[in-house]
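Student: Just query04.csv, nothing more (CSV, C-alpha atoms and all ligand atoms):
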```csv
chain,number,residue,atom,x,y,z
A,147,MET,CA,0.0,0.0,0.0
A,148,SER,CA,1.3,3.5,-0.8
A,149,THR,CA,1.2,6.6,1.3
A,150,PRO,CA,-2.1,8.5,0.7
A,151,GLU,CA,-1.9,11.9,-1.1
A,152,PRO,CA,-3.0,14.8,1.0
A,153,ALA,CA,-6.7,15.5,0.2
A,154,TRP,CA,-7.3,17.4,-3.1
A,155,SER,CA,-3.7,17.4,-4.2
A,156,PRO,CA,-3.6,17.7,-8.0
A,157,LEU,CA,-2.5,14.8,-10.1
A,158,GLU,CA,1.0,15.0,-11.6
A,159,LEU,CA,2.0,13.8,-15.0
A,160,ASP,CA,5.5,12.4,-14.0
A,161,ALA,CA,3.9,10.4,-11.1
A,162,LEU,CA,1.1,9.0,-13.4
A,163,SER,CA,3.6,8.1,-16.2
A,164,ALA,CA,5.8,6.3,-13.6
A,165,ALA,CA,2.7,4.6,-12.1
A,166,ALA,CA,1.5,3.3,-15.6
A,167,GLY,CA,4.9,1.9,-16.3
A,168,PRO,CA,6.8,1.6,-19.6
A,169,GLY,CA,4.9,1.2,-22.9
A,170,TRP,CA,2.3,3.9,-22.2
A,171,SER,CA,2.2,7.5,-23.3
A,172,VAL,CA,0.2,9.4,-20.7
A,173,THR,CA,-1.2,12.9,-21.1
A,174,LEU,CA,-2.8,14.9,-18.2
A,175,HIS,CA,-5.4,17.6,-18.5
A,176,GLY,CA,-6.3,19.8,-15.5
A,177,THR,CA,-9.9,20.0,-16.7
A,178,ALA,CA,-11.4,18.2,-19.7
A,179,ALA,CA,-15.0,17.7,-20.8
A,180,SER,CA,-14.6,13.9,-21.3
A,181,THR,CA,-11.4,11.9,-21.5
A,182,ASN,CA,-13.2,9.4,-23.9
A,183,ALA,CA,-14.1,12.3,-26.2
A,184,LEU,CA,-10.5,13.6,-26.1
A,185,ALA,CA,-9.0,10.2,-26.7
A,186,ALA,CA,-11.4,9.5,-29.6
A,187,GLN,CA,-10.5,12.7,-31.4
A,188,ASP,CA,-7.2,11.3,-32.7
A,189,PRO,CA,-6.9,7.8,-31.2
A,190,VAL,CA,-3.4,6.4,-30.9
A,191,ALA,CA,-2.8,3.0,-29.4
A,192,ASP,CA,-1.0,2.7,-26.1
A,193,THR,CA,-1.9,6.2,-25.0
A,194,ILE,CA,-3.8,7.2,-21.9
A,195,VAL,CA,-5.6,10.5,-21.4
A,196,VAL,CA,-6.2,11.5,-17.8
A,197,ALA,CA,-8.3,14.4,-16.5
A,198,ASP,CA,-7.8,15.7,-13.0
A,199,HIS,CA,-11.4,16.9,-13.3
A,200,GLN,CA,-13.9,16.0,-15.9
A,201,THR,CA,-16.8,18.4,-16.5
A,202,ALA,CA,-18.9,16.4,-19.0
A,203,GLY,CA,-18.1,12.8,-18.2
A,204,ARG,CA,-20.1,10.4,-20.3
A,205,GLY,CA,-21.8,7.2,-19.3
A,206,ARG,CA,-23.5,4.6,-21.5
A,207,LEU,CA,-26.6,5.5,-23.5
A,208,ASP,CA,-26.0,9.2,-23.3
A,209,ARG,CA,-26.0,9.2,-19.5
A,210,SER,CA,-23.6,11.3,-17.6
A,211,TRP,CA,-20.7,10.5,-15.2
A,212,GLU,CA,-20.3,13.1,-12.6
A,213,THR,CA,-17.4,13.6,-10.2
A,214,PRO,CA,-16.3,16.5,-8.1
A,215,PRO,CA,-12.8,18.0,-8.7
A,216,GLY,CA,-9.9,16.5,-7.0
A,217,SER,CA,-11.2,13.2,-5.7
A,218,ALA,CA,-12.0,10.9,-8.7
A,219,LEU,CA,-9.9,9.1,-11.2
A,220,THR,CA,-11.1,9.6,-14.7
A,221,PHE,CA,-9.1,8.3,-17.6
A,222,SER,CA,-9.3,6.7,-21.0
A,223,VAL,CA,-6.9,4.0,-22.3
A,224,VAL,CA,-6.5,3.6,-26.1
A,225,VAL,CA,-5.5,0.1,-27.2
A,226,ASP,CA,-5.4,-2.1,-30.3
A,227,PRO,CA,-6.8,-5.2,-28.6
A,228,GLY,CA,-5.6,-7.4,-31.4
A,229,ILE,CA,-8.6,-9.7,-31.0
A,230,ALA,CA,-11.0,-11.2,-33.5
A,231,ASP,CA,-14.2,-9.2,-34.1
A,232,HIS,CA,-16.3,-11.9,-32.4
A,233,ASP,CA,-14.3,-11.4,-29.2
A,234,TRP,CA,-14.9,-7.6,-28.9
A,235,PRO,CA,-18.0,-8.1,-26.8
A,236,LEU,CA,-15.7,-9.8,-24.2
A,237,LEU,CA,-13.6,-6.6,-23.8
A,238,PRO,CA,-15.9,-4.8,-21.3
A,239,LEU,CA,-16.0,-7.9,-19.2
A,240,ALA,CA,-12.2,-8.2,-19.3
A,241,VAL,CA,-11.8,-4.6,-18.4
A,242,ALA,CA,-14.1,-5.0,-15.4
A,243,LEU,CA,-12.0,-7.9,-14.2
A,244,ALA,CA,-8.8,-5.9,-14.6
A,245,VAL,CA,-10.2,-2.8,-12.8
A,246,ALA,CA,-11.5,-5.1,-10.0
A,247,ASP,CA,-8.0,-6.7,-9.7
A,248,GLY,CA,-6.3,-3.3,-9.5
A,249,VAL,CA,-8.7,-1.9,-7.0
A,250,ARG,CA,-8.6,-4.9,-4.7
A,251,ARG,CA,-4.8,-5.1,-4.8
A,252,GLU,CA,-4.2,-1.4,-4.1
A,253,ALA,CA,-7.2,-0.3,-2.1
A,254,ASP,CA,-8.1,-3.5,-0.4
A,255,VAL,CA,-11.8,-2.9,-1.0
A,256,PRO,CA,-14.0,-6.0,-1.7
A,257,VAL,CA,-15.5,-4.9,-5.0
A,258,VAL,CA,-18.0,-7.2,-6.8
A,259,LEU,CA,-18.8,-7.3,-10.5
A,260,LYS,CA,-22.2,-6.6,-11.9
A,261,TRP,CA,-22.7,-7.6,-15.6
A,262,PRO,CA,-21.5,-6.2,-17.9
A,263,ASN,CA,-19.0,-3.9,-16.4
A,264,ASP,CA,-20.0,-2.1,-13.2
A,265,LEU,CA,-17.9,-2.4,-10.0
A,266,LEU,CA,-19.9,-2.3,-6.8
A,267,VAL,CA,-19.3,-2.2,-3.1
A,268,ARG,CA,-21.9,-3.9,-0.9
A,269,SER,CA,-22.9,-1.6,1.9
A,270,SER,CA,-23.5,-2.8,5.4
A,271,ALA,CA,-27.2,-2.5,4.7
A,272,GLY,CA,-26.8,-4.9,1.8
A,273,ASP,CA,-27.2,-2.3,-0.9
A,274,ASP,CA,-25.0,-2.6,-4.0
A,275,LEU,CA,-23.4,0.8,-4.5
A,276,LYS,CA,-21.4,1.8,-7.6
A,277,VAL,CA,-17.8,2.7,-7.2
A,278,CYS,CA,-16.6,2.5,-10.8
A,279,GLY,CA,-18.0,2.9,-14.3
A,280,ILE,CA,-16.6,1.8,-17.6
A,281,LEU,CA,-17.4,3.1,-21.0
A,282,LEU,CA,-15.9,1.2,-23.9
A,283,GLU,CA,-16.0,2.7,-27.4
A,284,ARG,CA,-14.7,1.3,-30.7
A,285,VAL,CA,-13.0,3.8,-32.9
A,286,GLN,CA,-10.6,3.8,-35.9
A,287,SER,CA,-7.0,5.0,-36.0
A,288,ALA,CA,-5.9,7.3,-38.7
A,289,ALA,CA,-4.7,4.2,-40.6
A,290,GLY,CA,-8.1,2.5,-40.2
A,291,VAL,CA,-7.1,0.1,-37.5
A,292,PRO,CA,-10.0,-0.6,-35.0
A,293,LEU,CA,-9.0,0.7,-31.5
A,294,ALA,CA,-10.7,0.5,-28.2
A,295,VAL,CA,-11.1,3.6,-26.1
A,296,ILE,CA,-11.5,2.3,-22.6
A,297,GLY,CA,-13.0,5.0,-20.3
A,298,ILE,CA,-12.7,4.3,-16.6
A,299,GLY,CA,-14.1,6.4,-13.8
A,300,ILE,CA,-13.3,5.4,-10.2
A,301,ASN,CA,-14.7,7.2,-7.2
A,302,VAL,CA,-11.5,7.3,-5.1
A,303,GLY,CA,-11.7,10.0,-2.4
A,304,LEU,CA,-15.3,11.2,-2.7
A,305,ARG,CA,-16.9,11.9,0.7
A,306,ALA,CA,-20.6,11.1,1.3
A,307,GLU,CA,-21.6,14.6,0.5
A,308,ASP,CA,-19.7,14.5,-2.9
A,309,LEU,CA,-21.7,11.6,-4.2
A,310,PRO,CA,-23.6,12.5,-7.4
A,311,VAL,CA,-26.4,9.9,-6.9
A,312,PRO,CA,-27.6,7.8,-3.9
A,313,THR,CA,-26.5,4.6,-5.6
A,314,ALA,CA,-22.8,5.7,-5.7
A,315,THR,CA,-20.0,5.1,-3.2
A,316,SER,CA,-16.2,5.6,-3.1
A,317,LEU,CA,-13.1,3.7,-2.1
A,318,ALA,CA,-12.7,6.3,0.8
A,319,ILE,CA,-16.2,5.6,2.0
A,320,ALA,CA,-15.5,1.9,1.9
A,321,GLY,CA,-12.6,2.6,4.2
A,322,SER,CA,-9.5,3.0,1.9
A,323,SER,CA,-7.3,6.1,2.0
A,324,VAL,CA,-5.5,5.1,-1.2
A,325,SER,CA,-4.4,7.9,-3.6
A,326,ARG,CA,-5.7,8.3,-7.2
A,327,THR,CA,-2.2,7.8,-8.5
A,328,ALA,CA,-1.7,4.5,-6.6
A,329,VAL,CA,-5.0,3.2,-8.0
A,330,PHE,CA,-4.0,4.2,-11.5
A,331,GLY,CA,-0.7,2.4,-11.0
A,332,SER,CA,-2.5,-0.7,-10.0
A,333,VAL,CA,-5.3,-0.7,-12.6
A,334,VAL,CA,-3.2,0.1,-15.7
A,335,PRO,CA,-0.8,-2.9,-15.4
A,336,ALA,CA,-3.8,-5.1,-14.5
A,337,LEU,CA,-5.4,-4.0,-17.7
A,338,ALA,CA,-2.3,-4.8,-19.8
A,339,THR,CA,-2.3,-8.3,-18.2
A,340,ILE,CA,-5.9,-9.0,-19.0
A,341,LEU,CA,-5.6,-7.7,-22.5
A,342,ASP,CA,-2.7,-10.1,-23.1
A,343,ALA,CA,-4.9,-13.0,-21.7
A,344,LEU,CA,-7.8,-12.0,-23.9
A,345,ARG,CA,-5.6,-12.1,-27.0
A,346,THR,CA,-4.3,-15.6,-26.2
A,347,GLU,CA,-7.0,-17.3,-24.2
A,348,PRO,CA,-10.4,-15.5,-24.6
A,349,GLY,CA,-12.3,-18.5,-23.4
A,350,ALA,CA,-10.3,-18.5,-20.1
A,351,VAL,CA,-11.0,-14.8,-19.5
A,352,LEU,CA,-14.7,-15.4,-20.1
A,353,GLU,CA,-14.6,-18.4,-17.7
A,354,ARG,CA,-13.0,-16.2,-15.1
A,355,TYR,CA,-15.6,-13.6,-15.5
A,356,ARG,CA,-18.4,-16.2,-15.3
A,357,THR,CA,-16.9,-17.4,-12.0
A,358,GLU,CA,-16.5,-13.9,-10.5
A,359,CYS,CA,-19.5,-12.1,-11.7
A,360,ASP,CA,-21.9,-11.5,-8.9
A,361,THR,CA,-24.9,-11.2,-11.2
A,362,ILE,CA,-24.9,-14.9,-12.1
A,363,GLY,CA,-27.2,-16.9,-10.0
A,364,ARG,CA,-29.2,-13.8,-8.8
A,365,GLU,CA,-32.7,-12.6,-9.5
A,366,VAL,CA,-32.4,-9.6,-11.8
A,367,THR,CA,-34.5,-7.1,-13.6
A,368,VAL,CA,-33.2,-6.0,-16.9
A,369,SER,CA,-34.2,-2.8,-18.8
A,370,LEU,CA,-33.6,-3.6,-22.4
A,371,PRO,CA,-32.7,-0.8,-24.9
A,372,ASP,CA,-36.2,-1.0,-26.5
A,373,GLY,CA,-37.9,-0.2,-23.1
A,374,GLU,CA,-38.9,-3.8,-22.4
A,375,GLU,CA,-38.3,-4.9,-18.8
A,376,LEU,CA,-37.4,-8.5,-18.0
A,377,THR,CA,-37.3,-10.3,-14.6
A,378,GLY,CA,-35.7,-13.6,-14.0
A,379,THR,CA,-32.7,-15.6,-12.8
A,380,ALA,CA,-29.4,-14.8,-14.4
A,381,THR,CA,-28.3,-18.3,-15.2
A,382,GLY,CA,-24.9,-17.7,-17.0
A,383,LEU,CA,-23.2,-16.2,-20.0
A,384,ASP,CA,-23.0,-17.4,-23.5
A,385,ARG,CA,-19.7,-17.5,-25.6
A,386,SER,CA,-20.2,-13.8,-26.6
A,387,GLY,CA,-20.4,-12.7,-23.0
A,388,ARG,CA,-24.2,-12.1,-23.2
A,389,LEU,CA,-26.1,-12.6,-19.9
A,390,LEU,CA,-28.5,-15.4,-19.9
A,391,VAL,CA,-31.7,-14.5,-18.1
A,392,GLY,CA,-33.4,-17.9,-17.9
A,393,GLU,CA,-32.4,-19.0,-21.4
A,394,ARG,CA,-32.7,-15.7,-23.1
A,395,PRO,CA,-29.4,-14.0,-24.1
A,396,ILE,CA,-29.1,-10.3,-23.3
A,397,GLY,CA,-26.5,-8.4,-25.2
A,398,ALA,CA,-27.2,-4.9,-23.8
A,399,GLY,CA,-29.3,-3.6,-21.0
A,400,ASP,CA,-29.3,-2.2,-17.5
A,401,VAL,CA,-29.4,-4.9,-14.8
A,402,VAL,CA,-30.6,-4.4,-11.3
A,403,HIS,CA,-29.8,-7.1,-8.7
A,404,VAL,CA,-33.0,-7.8,-6.9
A,405,ARG,CA,-32.2,-8.0,-3.2
A,406,PRO,CA,-33.1,-11.2,-1.6
A,407,THR,CA,-36.0,-10.7,0.8
B,501,LIG,C1,-21.0,4.1,-16.8
B,501,LIG,O1,-22.2,4.4,-17.5
B,501,LIG,O2,-20.9,3.6,-15.7
B,501,LIG,C2,-19.8,4.5,-17.6
B,501,LIG,C3,-19.0,5.6,-16.9
B,501,LIG,C4,-17.7,5.9,-17.5
B,501,LIG,C5,-17.0,7.1,-17.0
B,501,LIG,C6,-15.6,7.2,-17.5
B,501,LIG,S1,-14.7,8.5,-16.7
B,501,LIG,C7,-13.5,8.5,-17.9
B,501,LIG,C8,-14.2,8.3,-19.3
B,501,LIG,N1,-14.6,9.5,-19.9
B,501,LIG,C9,-15.9,9.6,-20.0
B,501,LIG,O3,-16.5,10.6,-20.4
B,501,LIG,N2,-16.5,8.5,-19.5
B,501,LIG,C10,-15.5,7.6,-19.0
B,501,LIG,P1,-23.6,4.0,-17.0
B,501,LIG,O4,-23.6,2.5,-16.7
B,501,LIG,O5,-24.5,4.5,-18.0
B,501,LIG,O6,-23.8,4.7,-15.6
B,501,LIG,C11,-24.2,6.1,-15.6
B,501,LIG,C12,-25.1,6.3,-14.4
B,501,LIG,O7,-24.3,6.1,-13.2
B,501,LIG,C13,-25.6,7.7,-14.3
B,501,LIG,O8,-26.9,7.8,-14.9
B,501,LIG,C14,-25.8,7.9,-12.7
B,501,LIG,O9,-27.0,7.2,-12.3
B,501,LIG,C15,-24.7,7.0,-12.2
B,501,LIG,N3,-23.5,7.9,-11.9
B,501,LIG,C16,-23.1,9.1,-12.4
B,501,LIG,N4,-21.9,9.4,-11.9
B,501,LIG,C17,-21.6,8.5,-11.0
B,501,LIG,C18,-20.5,8.3,-10.1
B,501,LIG,N5,-19.5,9.2,-10.1
B,501,LIG,N6,-20.5,7.2,-9.3
B,501,LIG,C19,-21.5,6.3,-9.4
B,501,LIG,N7,-22.5,6.4,-10.2
B,501,LIG,C20,-22.6,7.5,-11.0
```
Please rewrite the model in this file as structure tokens.
Tutor:
Amino acid sequence: MSTPEPAWSPLELDALSAAAGPGWSVTLHGTAASTNALAAQDPVADTIVVADHQTAGRGRLDRSWETPPGSALTFSVVVDPGIADHDWPLLPLAVALAVADGVRREADVPVVLKWPNDLLVRSSAGDDLKVCGILLERVQSAAGVPLAVIGIGINVGLRAEDLPVPTATSLAIAGSSVSRTAVFGSVVPALATILDALRTEPGAVLERYRTECDTIGREVTVSLPDGEELTGTATGLDRSGRLLVGERPIGAGDVVHVRPT
């Protein structure tokens, strides 16, 4: 574990670059609208765009990702995953595994995975609260190579009064005083490791996700993109990483874990 930064200390480029390790080119913006938008403007593999503060963070389906200045980690990693097209749907699952690995290692917080790529912390009252969001976008390099922009937002030092929504939490609230730079330095190498595994053994990554994903085996309600709502037991995943609710494969949708009564 590293020494915590004093509260609200700004991120520093040298420290972030050292934390990411060799092979990455890191840029740091004091304030940016959205690191995903910045990274997608001129996407270059093996670059990471970090914003100390994001003012128009994006979630999935045009939702927003809101974080106060100074206490959240918001960054986008651009990679050429080098995987077959049919394995691209596994990328969000692999990224969630990597971020969970990094957070558990550095912050020692017991995060759980909700399909497809939310990281939750279970409160003492039994509520699942979101500590990290992931937004994955497929773009093309100037040379026409498909690249992934992997946007990661982690609520590191937010206090209860900073939380943007009642369903959010932070590593600090979960009891960790880890710094944003230390979390970055743990998550980026974990991401590199899982991307290597996805290239060589996609089936094994999927199997690991299946074992670790807290959604599987639970009662869920799923809001589908067309507005349909589905309730049932999440029974597993298919080879494309789709969630099976009963026997029905779900490729995209918002899942709510139904609390056991
Ligand atoms: C996500 O969307 O969870 C993806 C969030 C990705 C954010 C990163 S930050 C770096 C990069 N640059 C960007 O612009 N984005 C990425 P979704 O599953 O749609 O969840 C969005 C919902 O989470 C919102 O509608 C709120 O209900 C909730 N939310 C917003 N801000 C939150 C926060 N800080 N912590 C927890 N929940 C939040």
Student: Can you work out the spacing between CA of Leu157 (chain A) and CA of Thr173 (chain A) in Å, to one decimal?
Tutor: 11.2 Å
Student: Compile a residue-level contact table for chain A against ligand LIG 501 (chain B) at a cut-off of 6 Å, reporting for every qualifying residue the shortest atom pair and its distance in Å to one decimal, with only C-alpha atoms and all ligand atoms counted, rows ordered by chain and ascending number, as a Markdown table.
Tutor:
```
| residue | atom | partner | partner_atom | distance |
| --- | --- | --- | --- | --- |
| A:Ser180 | CA | B:LIG501 | O3 | 3.9 |
| A:Thr181 | CA | B:LIG501 | N1 | 4.3 |
| A:Asn182 | CA | B:LIG501 | N1 | 4.2 |
| A:Gly203 | CA | B:LIG501 | O3 | 3.5 |
| A:Arg204 | CA | B:LIG501 | O3 | 3.6 |
| A:Gly205 | CA | B:LIG501 | O1 | 3.4 |
| A:Arg206 | CA | B:LIG501 | O5 | 3.6 |
| A:Leu207 | CA | B:LIG501 | O5 | 6.0 |
| A:Arg209 | CA | B:LIG501 | O8 | 4.9 |
| A:Ser210 | CA | B:LIG501 | C13 | 5.3 |
| A:Trp211 | CA | B:LIG501 | N4 | 3.7 |
| A:Glu212 | CA | B:LIG501 | N4 | 4.1 |
| A:Thr213 | CA | B:LIG501 | N5 | 4.9 |
| A:Thr220 | CA | B:LIG501 | C7 | 4.1 |
| A:Phe221 | CA | B:LIG501 | C7 | 4.4 |
| A:Ser222 | CA | B:LIG501 | C8 | 5.4 |
| A:Lys276 | CA | B:LIG501 | C19 | 4.8 |
| A:Val277 | CA | B:LIG501 | C19 | 5.6 |
| A:Gly279 | CA | B:LIG501 | O2 | 3.3 |
| A:Ile280 | CA | B:LIG501 | C2 | 4.2 |
| A:Leu281 | CA | B:LIG501 | C2 | 4.4 |
| A:Gly297 | CA | B:LIG501 | C8 | 3.7 |
| A:Ile298 | CA | B:LIG501 | C6 | 4.2 |
| A:Gly299 | CA | B:LIG501 | S1 | 3.6 |
| A:Asn301 | CA | B:LIG501 | N5 | 6.0 |
| A:Pro310 | CA | B:LIG501 | N4 | 5.7 |
| A:Ala314 | CA | B:LIG501 | C19 | 4.0 |
```
Student: Hey, can I get the axis-aligned box for region 288-303 of chain A? All listed atoms, 8 Å padding on each side, centre and edge lengths in Å to one decimal, as AutoDock Vina command-line options.
Tutor:
```
--center_x -9.7 --center_y 4.7 --center_z -21.5 --size_x 26.0 --size_y 26.6 --size_z 54.2
```
Student: Counting all atoms listed in the file, which of A:Cys359, A:Leu219, A:Leu352, A:Val329 gets nearest to Leu304 (chain A)?
Tutor: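 Going through A:Cys359, A:Leu219, A:Leu352, A:Val329 one by one, the smallest distance to Leu304 (chain A) is for A:Leu219.
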Student: With distances taken over only C-alpha atoms, which of A:Ala179, A:Leu390, A:Val334, A:Leu243 is nearest to Ala165 (chain A)?
Tutor: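 Of A:Ala179, A:Leu390, A:Val334, A:Leu243, the one nearest Ala165 (chain A), counting only C-alpha atoms, is A:Val334.
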Student: Determine, counting only C-alpha atoms, which protein, DNA and RNA residues have an atom within 9 Å of an atom of Pro371 (chain A); residues of the same chain fewer than 2 positions away are not included. Present the result as a PyMOL selection string.
Tutor: chain A and resi 207+369+373-374+398-400
Student: Could you jot down the CA of Glu307 (chain A) to CA of Ala244 (chain A) separation for me, Å, one decimal place?
Tutor: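 Separating CA of Glu307 (chain A) from CA of Ala244 (chain A) is a distance of 28.5 Å.
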Student: So the first atom is CA of Asn263 (chain A) and the second is CA of Glu358 (chain A); what is the distance between them in Å, to one decimal place?
Tutor: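 About the pair CA of Asn263 (chain A) and CA of Glu358 (chain A): they are 11.9 Å apart.
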Student: Near Thr381 (chain A), within 9 Å and counting all atoms listed in the file, which residues show up once chain neighbours fewer than 4 positions away are dropped, as a list in words?
Tutor: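 Those residues are Thr361, Ile362, Gly363, Arg364, Leu389, Leu390, Val391, Gly392 and Glu393 of chain A.
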Student: Quick one: residues within 12 Å of Gly290 (chain A), only C-alpha atoms, excluding same-chain residues fewer than 2 positions away - as a ChimeraX atom specification?
Tutor: /A:188-190,226,284-288,292-293
Student: Compile the contact shell of Val366 (chain A) as a list in words: residues with an atom at most 7 Å away, counting only C-alpha atoms, same-chain residues fewer than 4 positions apart removed.
Tutor: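 What passes the distance filter is Thr377, Gly378, Thr379, Ala380, Val401, Val402, His403 and Val404 of chain A.
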Student: Would you pick out the contacts of Leu317 (chain A) at 12 Å or less, using all atoms listed in the file, so that residues sharing its chain but fewer than 6 positions from it are not included, and give the list as an mmCIF file with C-alpha atoms, in the frame of the given file?
Tutor:
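Once everything was written out, this is part35.cif:
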```cif
data_model
loop_
_atom_site.group_PDB
_atom_site.id
_atom_site.type_symbol
_atom_site.label_atom_id
_atom_site.label_comp_id
_atom_site.auth_asym_id
_atom_site.auth_seq_id
_atom_site.Cartn_x
_atom_site.Cartn_y
_atom_site.Cartn_z
ATOM 1 C CA SER A 217 -11.200 13.200 -5.700
ATOM 2 C CA ALA A 218 -12.000 10.900 -8.700
ATOM 3 C CA LEU A 219 -9.900 9.100 -11.200
ATOM 4 C CA ALA A 246 -11.500 -5.100 -10.000
ATOM 5 C CA VAL A 249 -8.700 -1.900 -7.000
ATOM 6 C CA ARG A 250 -8.600 -4.900 -4.700
ATOM 7 C CA GLU A 252 -4.200 -1.400 -4.100
ATOM 8 C CA ALA A 253 -7.200 -0.300 -2.100
ATOM 9 C CA ASP A 254 -8.100 -3.500 -0.400
ATOM 10 C CA VAL A 255 -11.800 -2.900 -1.000
ATOM 11 C CA PRO A 256 -14.000 -6.000 -1.700
ATOM 12 C CA VAL A 257 -15.500 -4.900 -5.000
ATOM 13 C CA LEU A 265 -17.900 -2.400 -10.000
ATOM 14 C CA LEU A 266 -19.900 -2.300 -6.800
ATOM 15 C CA VAL A 267 -19.300 -2.200 -3.100
ATOM 16 C CA ARG A 268 -21.900 -3.900 -0.900
ATOM 17 C CA SER A 269 -22.900 -1.600 1.900
ATOM 18 C CA LEU A 275 -23.400 0.800 -4.500
ATOM 19 C CA LYS A 276 -21.400 1.800 -7.600
ATOM 20 C CA VAL A 277 -17.800 2.700 -7.200
ATOM 21 C CA CYS A 278 -16.600 2.500 -10.800
ATOM 22 C CA ILE A 300 -13.300 5.400 -10.200
ATOM 23 C CA ASN A 301 -14.700 7.200 -7.200
ATOM 24 C CA VAL A 302 -11.500 7.300 -5.100
ATOM 25 C CA GLY A 303 -11.700 10.000 -2.400
ATOM 26 C CA LEU A 304 -15.300 11.200 -2.700
ATOM 27 C CA ARG A 305 -16.900 11.900 0.700
ATOM 28 C CA ALA A 306 -20.600 11.100 1.300
ATOM 29 C CA LEU A 309 -21.700 11.600 -4.200
ATOM 30 C CA SER A 323 -7.300 6.100 2.000
ATOM 31 C CA VAL A 324 -5.500 5.100 -1.200
ATOM 32 C CA SER A 325 -4.400 7.900 -3.600
ATOM 33 C CA ARG A 326 -5.700 8.300 -7.200
ATOM 34 C CA VAL A 329 -5.000 3.200 -8.000
#
```
Student: Give as a PyMOL selection string each residue that has an atom at most 12 Å from (-1.1, 2.1, -13.2) in the file, counting all atoms listed in the file.
Tutor: chain A and resi 161-172+194+196+219+221+223+244-245+247-249+251-252+325-339
Student: Check the smallest atom-to-atom distance from each of A:Ile296, A:Glu353, A:Leu237, A:Ala230 to Thr193 (chain A) using all atoms listed in the file, then report the winner.
Tutor: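 Of A:Ile296, A:Glu353, A:Leu237, A:Ala230, the one nearest Thr193 (chain A) is A:Ile296, counting all atoms listed in the file.
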Student: Point out the residue among A:Ser386, A:Ala191, A:Thr357, A:Pro238 with the least atom-to-atom distance to Glu283 (chain A), counting only C-alpha atoms.
Tutor: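 Of all the options, A:Pro238 lies closest to Glu283 (chain A).
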Student: Could you check which residues have any atom within 10 Å of (-13.3, 22.6, -13.6), counting all atoms listed in the file with coordinates taken straight from the file, and then list them as a list in words?
Tutor: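 Those residues, ordered by chain and then number, are Gly176, Thr177, Ala178, Ala179, Asp198, His199, Gln200, Thr201, Ala202, Pro214, Pro215 and Gly216 of chain A.
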Student: Determine the nearest neighbour of Val225 (chain A) from the options A:Val311, A:Leu370, A:Ala318, A:Val291, counting all atoms listed in the file.
Tutor: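 So, comparing all the options, the nearest one is A:Val291.
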Student: Write region 293-306 of chain A as a PDB file, in the coordinates of the input, completed to N, CA and C atoms.
Tutor:
```
ATOM      1  N   LEU A 293      -9.601   0.487 -32.867  1.00  0.00           N
ATOM      2  CA  LEU A 293      -9.000   0.700 -31.500  1.00  0.00           C
ATOM      3  C   LEU A 293     -10.117   0.737 -30.504  1.00  0.00           C
ATOM      4  N   ALA A 294      -9.777   0.364 -29.293  1.00  0.00           N
ATOM      5  CA  ALA A 294     -10.700   0.500 -28.200  1.00  0.00           C
ATOM      6  C   ALA A 294     -10.350   1.691 -27.347  1.00  0.00           C
ATOM      7  N   VAL A 295     -11.331   2.551 -27.072  1.00  0.00           N
ATOM      8  CA  VAL A 295     -11.100   3.600 -26.100  1.00  0.00           C
ATOM      9  C   VAL A 295     -11.837   3.122 -24.817  1.00  0.00           C
ATOM     10  N   ILE A 296     -11.028   2.854 -23.816  1.00  0.00           N
ATOM     11  CA  ILE A 296     -11.500   2.300 -22.600  1.00  0.00           C
ATOM     12  C   ILE A 296     -11.605   3.367 -21.526  1.00  0.00           C
ATOM     13  N   GLY A 297     -12.798   3.883 -21.277  1.00  0.00           N
ATOM     14  CA  GLY A 297     -13.000   5.000 -20.300  1.00  0.00           C
ATOM     15  C   GLY A 297     -13.275   4.383 -18.941  1.00  0.00           C
ATOM     16  N   ILE A 298     -12.517   4.831 -17.953  1.00  0.00           N
ATOM     17  CA  ILE A 298     -12.700   4.300 -16.600  1.00  0.00           C
ATOM     18  C   ILE A 298     -12.837   5.441 -15.620  1.00  0.00           C
ATOM     19  N   GLY A 299     -13.880   5.376 -14.843  1.00  0.00           N
ATOM     20  CA  GLY A 299     -14.100   6.400 -13.800  1.00  0.00           C
ATOM     21  C   GLY A 299     -14.166   5.660 -12.462  1.00  0.00           C
ATOM     22  N   ILE A 300     -13.279   6.036 -11.546  1.00  0.00           N
ATOM     23  CA  ILE A 300     -13.300   5.400 -10.200  1.00  0.00           C
ATOM     24  C   ILE A 300     -13.432   6.463  -9.162  1.00  0.00           C
ATOM     25  N   ASN A 301     -14.422   6.250  -8.315  1.00  0.00           N
ATOM     26  CA  ASN A 301     -14.700   7.200  -7.200  1.00  0.00           C
ATOM     27  C   ASN A 301     -13.647   6.841  -6.107  1.00  0.00           C
ATOM     28  N   VAL A 302     -12.571   7.610  -6.060  1.00  0.00           N
ATOM     29  CA  VAL A 302     -11.500   7.300  -5.100  1.00  0.00           C
ATOM     30  C   VAL A 302     -11.751   7.955  -3.766  1.00  0.00           C
ATOM     31  N   GLY A 303     -11.652   9.282  -3.747  1.00  0.00           N
ATOM     32  CA  GLY A 303     -11.700  10.000  -2.400  1.00  0.00           C
ATOM     33  C   GLY A 303     -12.966  10.671  -2.117  1.00  0.00           C
ATOM     34  N   LEU A 304     -14.029  10.437  -2.894  1.00  0.00           N
ATOM     35  CA  LEU A 304     -15.300  11.200  -2.700  1.00  0.00           C
ATOM     36  C   LEU A 304     -15.814  10.936  -1.259  1.00  0.00           C
ATOM     37  N   ARG A 305     -16.251  12.043  -0.622  1.00  0.00           N
ATOM     38  CA  ARG A 305     -16.900  11.900   0.700  1.00  0.00           C
ATOM     39  C   ARG A 305     -18.422  11.712   0.416  1.00  0.00           C
ATOM     40  N   ALA A 306     -19.149  11.336   1.445  1.00  0.00           N
ATOM     41  CA  ALA A 306     -20.600  11.100   1.300  1.00  0.00           C
ATOM     42  C   ALA A 306     -21.289  12.243   0.625  1.00  0.00           C
TER      43      ALA A 306
END
```
